[in-house]
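Next comes start.csv, a file with CSV, C-alpha atoms.
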```csv
chain,number,residue,atom,x,y,z
A,3,THR,CA,135.9,94.2,68.8
A,4,GLY,CA,133.7,94.6,71.9
A,5,PHE,CA,134.4,93.8,75.5
A,6,HIS,CA,135.9,90.4,75.2
A,7,LEU,CA,138.4,89.8,78.0
A,8,SER,CA,140.6,86.7,78.0
A,9,LEU,CA,141.4,85.4,81.5
A,10,PRO,CA,143.8,82.6,82.3
A,11,PRO,CA,142.3,79.1,82.8
A,12,ARG,CA,140.5,78.4,86.0
A,13,SER,CA,143.3,76.4,87.6
A,14,CYS,CA,145.4,79.6,87.9
A,15,LEU,CA,142.7,81.5,89.7
A,16,ASN,CA,143.4,79.7,93.0
A,17,SER,CA,147.0,80.6,93.3
A,18,GLN,CA,148.0,83.2,95.9
A,19,ASN,CA,150.0,85.6,93.7
A,20,PHE,CA,147.4,86.0,91.0
A,21,GLN,CA,146.7,89.6,90.3
A,22,THR,CA,143.5,90.6,88.6
A,23,PRO,CA,142.8,94.0,87.1
A,24,PHE,CA,139.4,94.0,88.8
A,25,SER,CA,138.7,93.7,92.5
A,26,LEU,CA,136.7,90.6,92.4
A,27,SER,CA,135.8,90.4,96.0
A,28,ASN,CA,134.7,86.8,95.9
A,29,LEU,CA,136.6,84.7,93.3
A,30,ASP,CA,134.7,81.6,94.5
A,31,TRP,CA,131.6,83.2,93.0
A,32,PHE,CA,133.2,83.4,89.7
A,33,ASN,CA,134.5,79.8,90.0
A,34,SER,CA,131.1,78.4,90.9
A,35,VAL,CA,129.3,80.2,88.2
A,36,ALA,CA,131.9,79.6,85.5
A,37,GLY,CA,132.0,76.0,86.6
A,38,ASN,CA,128.3,75.6,85.8
A,39,GLN,CA,128.8,76.4,82.2
A,40,GLN,CA,127.8,73.5,80.2
A,41,MET,CA,128.3,74.9,76.7
A,42,GLY,CA,131.5,74.6,74.9
A,43,SER,CA,131.8,78.3,74.3
A,44,SER,CA,134.4,80.4,76.2
A,45,SER,CA,132.9,81.8,79.4
A,46,SER,CA,134.2,85.3,79.4
A,47,PHE,CA,133.7,87.5,82.4
A,48,TRP,CA,131.0,89.6,80.7
A,49,ASN,CA,129.2,86.4,79.5
A,50,VAL,CA,129.0,85.2,83.1
A,51,ALA,CA,128.2,88.6,84.4
A,52,TYR,CA,125.4,88.9,81.9
A,53,ARG,CA,124.0,85.6,83.0
A,54,GLN,CA,124.1,86.4,86.7
A,55,ALA,CA,122.5,89.8,86.0
A,56,MET,CA,119.7,88.1,84.2
A,57,LYS,CA,119.1,85.7,87.1
A,58,SER,CA,119.1,88.5,89.6
A,59,GLY,CA,116.9,90.6,87.4
A,60,VAL,CA,114.3,87.8,87.2
A,61,PHE,CA,114.4,87.4,90.9
A,62,VAL,CA,114.0,91.1,91.5
A,63,ALA,CA,111.1,91.2,89.0
A,64,LYS,CA,109.4,88.3,90.8
A,65,VAL,CA,109.7,90.0,94.2
A,66,TYR,CA,108.5,93.4,92.8
A,67,SER,CA,105.6,91.8,91.1
A,68,PHE,CA,104.5,89.9,94.2
A,69,LEU,CA,104.7,93.0,96.3
A,70,HIS,CA,102.8,95.0,93.7
A,71,VAL,CA,100.0,92.4,93.4
A,72,THR,CA,99.7,92.1,97.2
A,73,THR,CA,99.5,95.8,97.8
A,74,THR,CA,97.2,96.5,95.0
A,75,TYR,CA,94.7,93.7,95.3
A,76,LEU,CA,95.0,92.4,98.9
A,77,ALA,CA,96.2,94.8,101.6
A,78,PHE,CA,98.8,97.4,102.1
A,79,PRO,CA,100.3,99.3,105.1
A,80,ALA,CA,100.0,103.0,105.4
A,81,PHE,CA,101.5,105.7,107.5
A,82,ALA,CA,98.7,108.0,108.7
A,83,PHE,CA,99.3,111.4,110.3
A,84,GLY,CA,97.4,114.6,110.6
A,85,PRO,CA,94.7,116.0,112.9
A,86,SER,CA,91.6,115.2,110.9
A,87,MET,CA,90.9,111.8,112.4
A,88,ILE,CA,91.3,112.5,116.2
A,89,PRO,CA,90.5,110.5,118.4
A,90,THR,CA,90.5,107.5,116.2
A,91,LEU,CA,94.0,108.1,114.8
A,92,HIS,CA,96.9,109.9,116.5
A,93,PRO,CA,97.9,113.1,114.8
A,94,SER,CA,101.6,112.4,115.1
A,95,GLY,CA,101.5,109.1,113.2
A,96,ASN,CA,100.2,105.6,113.1
A,97,VAL,CA,101.0,102.7,110.9
A,98,VAL,CA,97.7,101.1,109.8
A,99,LEU,CA,96.8,98.1,107.6
A,100,ALA,CA,94.3,98.8,104.9
A,101,GLU,CA,92.7,96.1,102.8
A,102,ARG,CA,91.5,96.4,99.2
A,103,ILE,CA,89.1,93.4,98.9
A,104,SER,CA,86.0,95.1,100.2
A,105,THR,CA,86.4,98.3,98.2
A,106,ARG,CA,86.8,96.4,94.9
A,107,SER,CA,83.6,94.5,95.6
A,108,ARG,CA,81.5,97.4,96.9
A,109,LYS,CA,81.1,96.1,100.4
A,110,LEU,CA,81.6,99.4,102.2
A,111,SER,CA,79.3,100.4,104.9
A,112,ARG,CA,78.6,103.5,106.9
A,113,GLY,CA,81.3,104.1,109.5
A,114,ASP,CA,84.2,102.4,107.7
A,115,VAL,CA,87.5,104.3,107.8
A,116,ILE,CA,88.8,104.4,104.2
A,117,VAL,CA,92.0,105.5,102.4
A,118,LEU,CA,91.1,107.6,99.5
A,119,GLN,CA,92.7,109.8,96.8
A,120,SER,CA,91.9,113.4,97.2
A,121,PRO,CA,89.8,114.9,94.4
A,122,GLU,CA,91.6,118.2,94.9
A,123,ASP,CA,95.1,116.7,94.4
A,124,PRO,CA,95.6,113.2,93.0
A,125,ASN,CA,99.0,112.9,94.7
A,126,LYS,CA,97.5,113.3,98.2
A,127,ILE,CA,96.1,110.2,100.0
A,128,PRO,CA,93.9,111.2,103.0
A,129,ILE,CA,92.1,108.9,105.4
A,130,LYS,CA,88.5,109.7,106.3
A,131,ARG,CA,85.4,107.9,107.5
A,132,VAL,CA,82.4,107.0,105.4
A,133,ILE,CA,79.3,108.8,106.7
A,134,GLY,CA,76.8,108.3,103.8
A,135,LEU,CA,76.5,105.8,101.0
A,136,GLU,CA,74.8,106.6,97.7
A,137,GLY,CA,71.2,107.6,98.1
A,138,ASP,CA,71.6,108.8,101.7
A,139,CYS,CA,70.7,112.3,102.8
A,140,VAL,CA,73.6,114.0,104.7
A,141,SER,CA,73.2,117.2,106.7
A,142,PHE,CA,76.1,119.2,107.7
A,143,VAL,CA,77.0,122.6,109.0
A,144,VAL,CA,78.5,124.6,106.2
A,145,ASP,CA,80.8,126.9,108.2
A,146,PRO,CA,80.8,126.3,112.0
A,147,GLU,CA,82.8,129.4,112.7
A,148,LYS,CA,80.5,131.8,110.8
A,149,ASN,CA,77.0,130.7,111.7
A,150,ASP,CA,74.8,127.6,112.2
A,151,GLU,CA,73.6,127.4,108.6
A,152,SER,CA,73.4,123.8,107.5
A,153,ARG,CA,72.8,122.1,104.2
A,154,THR,CA,71.3,118.7,103.2
A,155,VAL,CA,72.8,116.8,100.3
A,156,VAL,CA,71.6,113.6,98.7
A,157,VAL,CA,74.6,111.5,97.8
A,158,PRO,CA,74.5,110.7,94.1
A,159,LYS,CA,74.9,107.3,92.6
A,160,GLY,CA,78.4,105.9,92.6
A,161,HIS,CA,79.6,108.3,95.3
A,162,VAL,CA,80.1,108.3,99.1
A,163,TRP,CA,80.2,111.0,101.7
A,164,VAL,CA,83.3,111.1,103.8
A,165,GLN,CA,84.1,113.2,106.9
A,166,GLY,CA,87.0,113.2,109.3
A,167,ASP,CA,86.3,112.4,112.9
A,168,TYR,CA,87.8,115.8,114.0
A,169,THR,CA,85.4,117.9,112.0
A,170,GLN,CA,87.0,121.2,113.1
A,171,ASN,CA,90.2,120.5,111.2
A,172,SER,CA,89.4,118.2,108.3
A,173,ARG,CA,89.1,118.8,104.5
A,174,ASP,CA,86.4,116.3,103.5
A,175,SER,CA,83.2,116.0,101.6
A,176,ARG,CA,81.9,119.2,103.3
A,177,ILE,CA,84.4,121.0,101.2
A,178,PHE,CA,85.0,118.9,98.0
A,179,GLY,CA,81.6,117.2,97.8
A,180,PRO,CA,80.6,113.6,97.4
A,181,LEU,CA,83.5,111.3,96.6
A,182,PRO,CA,83.4,109.1,93.5
A,183,TYR,CA,83.8,105.4,94.3
A,184,GLY,CA,86.8,105.1,91.9
A,185,LEU,CA,88.9,107.3,94.2
A,186,ILE,CA,88.7,104.9,97.2
A,187,ARG,CA,91.9,103.1,97.7
A,188,GLY,CA,91.2,100.8,100.7
A,189,ARG,CA,89.5,100.2,104.0
A,190,VAL,CA,91.5,100.7,107.2
A,191,LEU,CA,91.4,97.5,109.2
A,192,TRP,CA,94.0,97.4,111.9
A,193,ARG,CA,96.4,99.7,113.6
A,194,VAL,CA,99.9,98.3,113.9
A,195,TRP,CA,101.9,101.1,115.5
A,196,PRO,CA,102.1,102.7,118.2
A,197,PHE,CA,102.0,99.3,119.9
A,198,GLN,CA,100.0,100.4,122.9
A,199,ASP,CA,97.1,101.0,120.5
A,200,PHE,CA,97.5,97.8,118.5
A,201,GLY,CA,94.0,96.8,117.5
A,202,PRO,CA,91.2,97.1,115.0
A,203,ILE,CA,89.9,100.4,113.8
A,204,GLY,CA,86.2,100.0,114.4
A,205,PRO,CA,83.2,101.4,112.7
A,206,THR,CA,82.2,103.8,115.5
A,207,THR,CA,84.2,106.7,116.7
A,208,THR,CA,86.1,105.7,119.9
B,13,MET,CA,105.3,60.9,90.5
B,14,GLY,CA,106.6,62.6,87.4
B,15,ILE,CA,103.2,63.9,86.2
B,16,GLN,CA,102.4,65.5,89.5
B,17,ASN,CA,105.8,67.2,89.6
B,18,LEU,CA,105.4,68.4,86.1
B,19,LEU,CA,102.0,69.8,86.9
B,20,TRP,CA,103.4,71.6,89.9
B,21,GLN,CA,106.2,73.1,87.8
B,22,VAL,CA,103.8,74.3,85.2
B,23,THR,CA,101.5,75.8,87.8
B,24,LYS,CA,104.4,77.6,89.5
B,25,LYS,CA,105.6,79.0,86.2
B,26,ALA,CA,102.0,80.1,85.2
B,27,PHE,CA,101.5,81.7,88.5
B,28,THR,CA,104.7,83.7,88.3
B,29,GLY,CA,104.0,84.7,84.7
B,30,GLY,CA,100.5,85.8,85.7
B,31,ILE,CA,101.8,87.9,88.6
B,32,ILE,CA,104.5,89.5,86.4
B,33,GLY,CA,101.9,90.1,83.7
B,34,VAL,CA,99.5,91.8,86.1
B,35,THR,CA,102.3,94.0,87.4
B,36,ILE,CA,103.4,95.0,83.9
B,37,SER,CA,99.8,95.7,82.9
B,38,ASP,CA,99.2,97.9,86.0
B,39,ARG,CA,102.5,99.8,86.1
B,40,CYS,CA,103.8,99.8,82.5
B,41,CYS,CA,101.3,99.5,79.7
B,42,SER,CA,98.4,97.4,78.6
B,43,VAL,CA,96.3,96.9,75.5
B,44,VAL,CA,92.6,97.6,75.7
B,45,PRO,CA,89.8,97.5,73.1
B,46,VAL,CA,87.9,100.6,72.2
B,47,ARG,CA,84.2,100.1,72.2
B,48,GLY,CA,81.7,102.4,70.7
B,49,ASP,CA,82.1,105.3,68.4
B,50,SER,CA,82.4,108.3,70.8
B,51,MET,CA,86.0,108.8,69.6
B,52,SER,CA,85.4,108.6,65.9
B,53,PRO,CA,87.3,109.1,63.7
B,54,THR,CA,90.3,108.8,66.0
B,55,PHE,CA,89.4,105.3,67.0
B,56,ASN,CA,86.9,103.0,65.4
B,57,PRO,CA,86.3,105.0,62.3
B,58,GLN,CA,83.8,102.5,61.0
B,59,ARG,CA,80.9,101.2,63.0
B,60,ASN,CA,81.8,97.6,62.4
B,61,SER,CA,82.3,95.9,65.8
B,62,TYR,CA,84.5,93.1,64.3
B,63,LEU,CA,87.2,95.7,63.6
B,64,ASP,CA,87.4,97.3,67.0
B,65,ASP,CA,90.6,99.2,67.6
B,66,TYR,CA,93.0,98.0,70.2
B,67,VAL,CA,95.1,100.7,71.8
B,68,LEU,CA,98.2,100.8,73.9
B,69,VAL,CA,97.6,102.4,77.3
B,70,GLU,CA,100.7,103.6,79.2
B,71,LYS,CA,100.6,103.8,83.0
B,72,PHE,CA,103.7,105.8,83.7
B,73,CYS,CA,101.6,109.0,83.7
B,74,LEU,CA,100.0,107.8,86.9
B,75,GLN,CA,103.2,108.6,88.9
B,76,ASP,CA,102.6,112.3,88.9
B,77,TYR,CA,99.3,112.9,87.1
B,78,LYS,CA,100.7,115.5,84.8
B,79,PHE,CA,98.6,115.6,81.6
B,80,ALA,CA,98.5,117.9,78.6
B,81,ARG,CA,95.5,119.2,76.8
B,82,GLY,CA,94.7,116.8,74.0
B,83,ASP,CA,95.8,113.6,75.8
B,84,VAL,CA,93.5,110.7,75.2
B,85,VAL,CA,93.0,109.0,78.6
B,86,VAL,CA,91.3,105.9,80.1
B,87,PHE,CA,89.3,106.7,83.3
B,88,SER,CA,86.8,105.1,85.6
B,89,SER,CA,83.3,106.5,85.3
B,90,PRO,CA,82.3,108.7,88.2
B,91,THR,CA,78.9,107.1,88.4
B,92,HIS,CA,79.6,103.5,87.6
B,93,PHE,CA,83.1,102.9,88.9
B,94,ARG,CA,83.6,99.6,87.1
B,95,ASP,CA,83.1,101.1,83.7
B,96,ARG,CA,86.1,102.5,81.9
B,97,TYR,CA,85.8,105.3,79.3
B,98,ILE,CA,88.3,106.6,76.8
B,99,LYS,CA,88.0,110.3,76.1
B,100,ARG,CA,90.2,113.2,75.3
B,101,ILE,CA,91.3,115.8,77.9
B,102,VAL,CA,90.2,119.3,76.6
B,103,GLY,CA,90.5,121.2,79.9
B,104,LEU,CA,93.2,121.1,82.6
B,105,PRO,CA,92.8,122.3,86.2
B,106,GLY,CA,92.1,126.0,86.3
B,107,GLU,CA,91.0,126.5,82.8
B,108,TRP,CA,87.6,127.7,81.6
B,109,ILE,CA,85.3,125.6,79.4
B,110,SER,CA,82.4,127.1,77.6
B,111,SER,CA,79.5,124.6,77.4
B,112,SER,CA,76.2,125.2,75.7
B,113,ARG,CA,74.8,127.4,78.4
B,114,ASP,CA,77.6,129.0,80.4
B,115,VAL,CA,81.3,129.1,81.1
B,116,ILE,CA,82.6,126.6,83.7
B,117,ARG,CA,85.9,126.7,85.5
B,118,VAL,CA,87.7,123.4,85.9
B,119,PRO,CA,88.5,123.0,89.6
B,120,GLU,CA,91.9,122.1,91.0
B,121,GLY,CA,92.6,118.4,90.7
B,122,HIS,CA,90.0,117.8,88.0
B,123,CYS,CA,90.0,117.8,84.2
B,124,TRP,CA,87.4,118.2,81.5
B,125,VAL,CA,87.1,115.3,79.1
B,126,GLU,CA,85.2,115.1,75.8
B,127,GLY,CA,84.9,112.6,73.1
B,128,ASP,CA,85.9,113.4,69.5
B,129,ASN,CA,82.5,112.5,68.2
B,130,LYS,CA,80.4,115.1,70.0
B,131,ALA,CA,77.2,113.7,68.7
B,132,SER,CA,77.4,110.4,70.5
B,133,SER,CA,79.6,110.8,73.5
B,134,LEU,CA,78.9,110.6,77.2
B,135,ASP,CA,81.5,112.9,78.7
B,136,SER,CA,82.1,115.9,80.9
B,137,ARG,CA,79.2,117.7,79.3
B,138,THR,CA,77.0,115.2,81.1
B,139,PHE,CA,78.8,114.3,84.3
B,140,GLY,CA,81.0,117.4,84.8
B,141,PRO,CA,84.7,117.6,85.4
B,142,ILE,CA,86.3,114.4,86.7
B,143,PRO,CA,88.9,114.1,89.4
B,144,LEU,CA,92.4,113.3,88.0
B,145,GLY,CA,92.6,110.4,90.4
B,146,LEU,CA,90.0,108.5,88.3
B,147,ILE,CA,92.4,108.4,85.3
B,148,ARG,CA,93.7,104.9,84.8
B,149,GLY,CA,96.2,105.5,81.9
B,150,ARG,CA,97.0,107.4,78.8
B,151,VAL,CA,96.5,106.1,75.3
B,152,THR,CA,99.7,106.4,73.2
B,153,SER,CA,99.0,104.5,70.0
B,154,VAL,CA,96.8,102.1,68.1
B,155,VAL,CA,98.1,98.6,68.0
B,156,TRP,CA,95.4,96.8,66.1
B,157,PRO,CA,94.4,96.5,63.2
B,158,PRO,CA,97.9,96.5,61.8
B,159,GLN,CA,97.3,99.0,59.1
B,160,ARG,CA,96.8,101.7,61.6
B,161,ASN,CA,100.0,101.4,63.6
B,162,CYS,CA,103.0,101.7,61.4
B,163,MET,CA,104.9,103.7,64.0
B,164,LEU,CA,104.7,101.0,66.6
B,165,ALA,CA,105.7,98.3,64.2
B,166,LEU,CA,108.7,100.3,63.2
B,167,PHE,CA,109.7,100.9,66.8
B,168,MET,CA,109.5,97.3,67.7
B,169,VAL,CA,111.6,96.2,64.8
B,170,CYS,CA,114.2,98.8,65.8
B,171,ALA,CA,114.2,97.6,69.4
B,172,PHE,CA,114.7,94.1,68.3
B,173,TYR,CA,117.7,94.9,66.2
B,174,ILE,CA,119.2,97.1,69.0
B,175,ILE,CA,118.9,94.2,71.5
B,176,LYS,CA,120.4,91.9,69.0
B,177,TRP,CA,123.4,94.2,68.4
B,178,VAL,CA,124.0,94.7,72.1
B,179,SER,CA,124.0,91.0,72.8
B,180,ILE,CA,126.4,90.4,70.0
B,181,GLN,CA,128.7,93.1,71.5
B,182,LEU,CA,128.5,91.2,74.8
B,183,HIS,CA,129.4,87.9,73.1
B,184,VAL,CA,126.2,86.2,74.3
B,185,PRO,CA,125.7,83.0,72.2
B,186,GLN,CA,122.8,83.9,70.0
B,187,ASP,CA,121.0,80.6,70.5
B,188,SER,CA,121.0,81.2,74.3
B,189,LEU,CA,119.5,84.7,74.0
B,190,TRP,CA,116.0,83.2,73.8
B,191,LYS,CA,116.5,80.7,76.6
B,192,LEU,CA,116.4,83.4,79.3
```
Please, can you express the file's structure as structure tokens?
Amino acid sequence: TGFHLSLPPRSCLNSQNFQTPFSLSNLDWFNSVAGNQQMGSSSSFWNVAYRQAMKSGVFVAKVYSFLHVTTTYLAFPAFAFGPSMIPTLHPSGNVVLAERISTRSRKLSRGDVIVLQSPEDPNKIPIKRVIGLEGDCVSFVVDPEKNDESRTVVVPKGHVWVQGDYTQNSRDSRIFGPLPYGLIRGRVLWRVWPFQDFGPIGPTTT
Amino acid sequence: MGIQNLLWQVTKKAFTGGIIGVTISDRCCSVVPVRGDSMSPTFNPQRNSYLDDYVLVEKFCLQDYKFARGDVVVFSSPTHFRDRYIKRIVGLPGEWISSSRDVIRVPEGHCWVEGDNKASSLDSRTFGPIPLGLIRGRVTSVVWPPQRNCMLALFMVCAFYIIKWVSIQLHVPQDSLWKL
């Protein structure tokens, strides 16, 4: 009837020639946990294991929740690579710190480097710079390789205009149009790695 | 001082519970009210605001953004990002939608949403296709009022009995099951 296992009383567990069918690598763990049982019921192995699993599970849940709340509402690290933000970010990789407080309260300004979710593919998370806020007129060259034709766009309400610093190789608002505010994931604040470039990511192109 | 210690313990437990609740609501599922009648008769079949439907919104779909035509989703408005709308997906990326004047192709990474009550619904016919990244969850069922959610009640009753049976098999004392 179930998994009930009857083990010999605790005093036998310390003897040297005691053989267990399981490889309990740390019998002291079992002793200490079984010794903390205050109830009169028999503390079988599975009962104790269930209790320990619950305690560890609660601890893991607490750690996971804390990490989730911190990365979703405060700040999160990001690994940035790719050529579209040269010279601000290295193409081969940087670890940057992005914060979420200013994006949730609409305190973005022109020149901020932001982490966004691409409107062309929701699984891609590019990093670009804010060029225009809602209501601004933005002029850009449509296709620099073909001719010098340019267009002027008024950024609609609730959107921002983003462009990469290296405009020759960047998929940004010149291609997918103004970006809705709800797709912005965070504002890049600081570069952590490579260490020789440790420092803030500023509002002007360096 | 006992009362200060007690207050601190209560604060710690409330803080932990709050953080775990926020994580579950962001990652797993949450319950939101439906306002307005743009989704009648699916939600809010009457106009009485005292009997707003509450729906269960699941967030697992946000891992890979794979939706099907006909899914009811919660999304942030493209123009007012703090507002959340609940509408139905009627067009997936790459499909063609015929609106009143012409035929529109839904671009990659976007979807076309419309409310069930076409007469009073602010949806993609007004603001165009929305990027999939704006979607904040998918509605799976109505949880309130109770007369509209027999499936969910049945599921919860079954889950309760399954957990009870498993704990009996593991010989967990039944009175200690709730102390965890």
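The space separating CA of Asp95 (chain B) from CA of Leu118 (chain A) comes to 18.9 Å.
Around region 131-141 of chain A, within 8 Å and counting all atoms listed in the file, the residues found are Ser111, Arg112, Gly113, Asp114, Val115, Ile116, Ser152, Arg153, Thr154, Val155, Val156, Val157, Pro158, Lys159, Gly160, His161, Val162, Trp163, Val164, Gln165, Gly166 and Asp167 of chain A, once anything fewer than 5 positions away on its own chain is removed.
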Interface rows for chain B against chain A: nearest pair, Å to one decimal, 10 Å, all atoms listed in the file, as CSV:
```
residue,atom,partner,partner_atom,distance
B:Thr28,CA,A:Lys64,CA,7.0
B:Gly29,CA,A:Lys64,CA,8.9
B:Gly30,CA,A:Ser67,CA,9.5
B:Ile31,CA,A:Ser67,CA,6.0
B:Ile32,CA,A:Ser67,CA,5.3
B:Gly33,CA,A:Ser67,CA,8.4
B:Val34,CA,A:Val71,CA,7.3
B:Thr35,CA,A:Ser67,CA,5.4
B:Ile36,CA,A:Ser67,CA,8.2
B:Asp38,CA,A:His70,CA,9.0
B:Arg39,CA,A:His70,CA,9.0
B:Leu74,CA,A:Pro124,CA,9.3
B:Gln75,CA,A:Asn125,CA,8.4
B:Asp76,CA,A:Asn125,CA,6.9
B:Tyr77,CA,A:Pro124,CA,7.0
B:Lys78,CA,A:Pro124,CA,9.9
B:Phe87,CA,A:Gly184,CA,9.1
B:Ser88,CA,A:Gly184,CA,6.3
B:Ser89,CA,A:Gly184,CA,7.6
B:Pro90,CA,A:Pro182,CA,5.4
B:Thr91,CA,A:Gly160,CA,4.4
B:His92,CA,A:Gly160,CA,5.7
B:Phe93,CA,A:Gly184,CA,5.2
B:Arg94,CA,A:Gly184,CA,8.0
B:Asp95,CA,A:Gly184,CA,9.8
B:Pro105,CA,A:Glu122,CA,9.7
B:Pro119,CA,A:Glu122,CA,7.8
B:Glu120,CA,A:Glu122,CA,5.5
B:Gly121,CA,A:Glu122,CA,4.3
B:His122,CA,A:Pro121,CA,7.0
B:Ile142,CA,A:Pro121,CA,8.5
B:Pro143,CA,A:Pro121,CA,5.1
B:Leu144,CA,A:Pro124,CA,5.9
B:Gly145,CA,A:Pro124,CA,4.9
B:Leu146,CA,A:Gly184,CA,5.9
B:Ile147,CA,A:Gly184,CA,9.3
B:Arg148,CA,A:Gly184,CA,9.9
B:Val178,CA,A:Gly4,CA,9.7
B:Ser179,CA,A:Tyr52,CA,9.4
B:Ile180,CA,A:Gly4,CA,8.6
B:Gln181,CA,A:Gly4,CA,5.2
B:Leu182,CA,A:Phe5,CA,6.5
B:His183,CA,A:Asn49,CA,6.6
B:Val184,CA,A:Asn49,CA,6.0
B:Pro185,CA,A:Ser43,CA,8.0
B:Ser188,CA,A:Met41,CA,9.9
B:Leu192,CA,A:Met56,CA,7.5
```
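The two atoms in question, CA of Ile98 (chain B) and CA of Ser50 (chain B), are spaced 8.6 Å apart.
For the pair CA of Ser136 (chain B) and CA of Val144 (chain A), the interatomic distance is 27.0 Å.
Closest to Phe72 (chain B) among B:Met168, B:Phe27, B:Arg150, B:Cys123 is B:Arg150, based on only C-alpha atoms.
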Selection near region 93-98 of chain A, 12 Å with all atoms listed in the file, sequence-local residues under 2 positions removed, as a PyMOL selection string: chain A and resi 77-91+100-101+115-117+129+167-168+171-172+188-203
Please identify all polymer residues within 10 Å of Ile116 (chain B), counting all atoms listed in the file, omitting same-chain residues fewer than 4 positions from it, and present them as a PyMOL selection string. chain B and resi 106-111+124+140-141
Expected axis-aligned box over every listed atom of region 96-114 of chain A, 6 Å added per side, centre plus edges in Å to one decimal, as AutoDock Vina command-line options:
```
--center_x 89.8 --center_y 99.5 --center_z 104.0 --size_x 34.4 --size_y 24.2 --size_z 30.2
```
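Proximity of B:Arg137, B:Arg96, B:Lys130, B:Arg117 to Val44 (chain B), computed with all atoms listed in the file, is greatest for B:Arg96.
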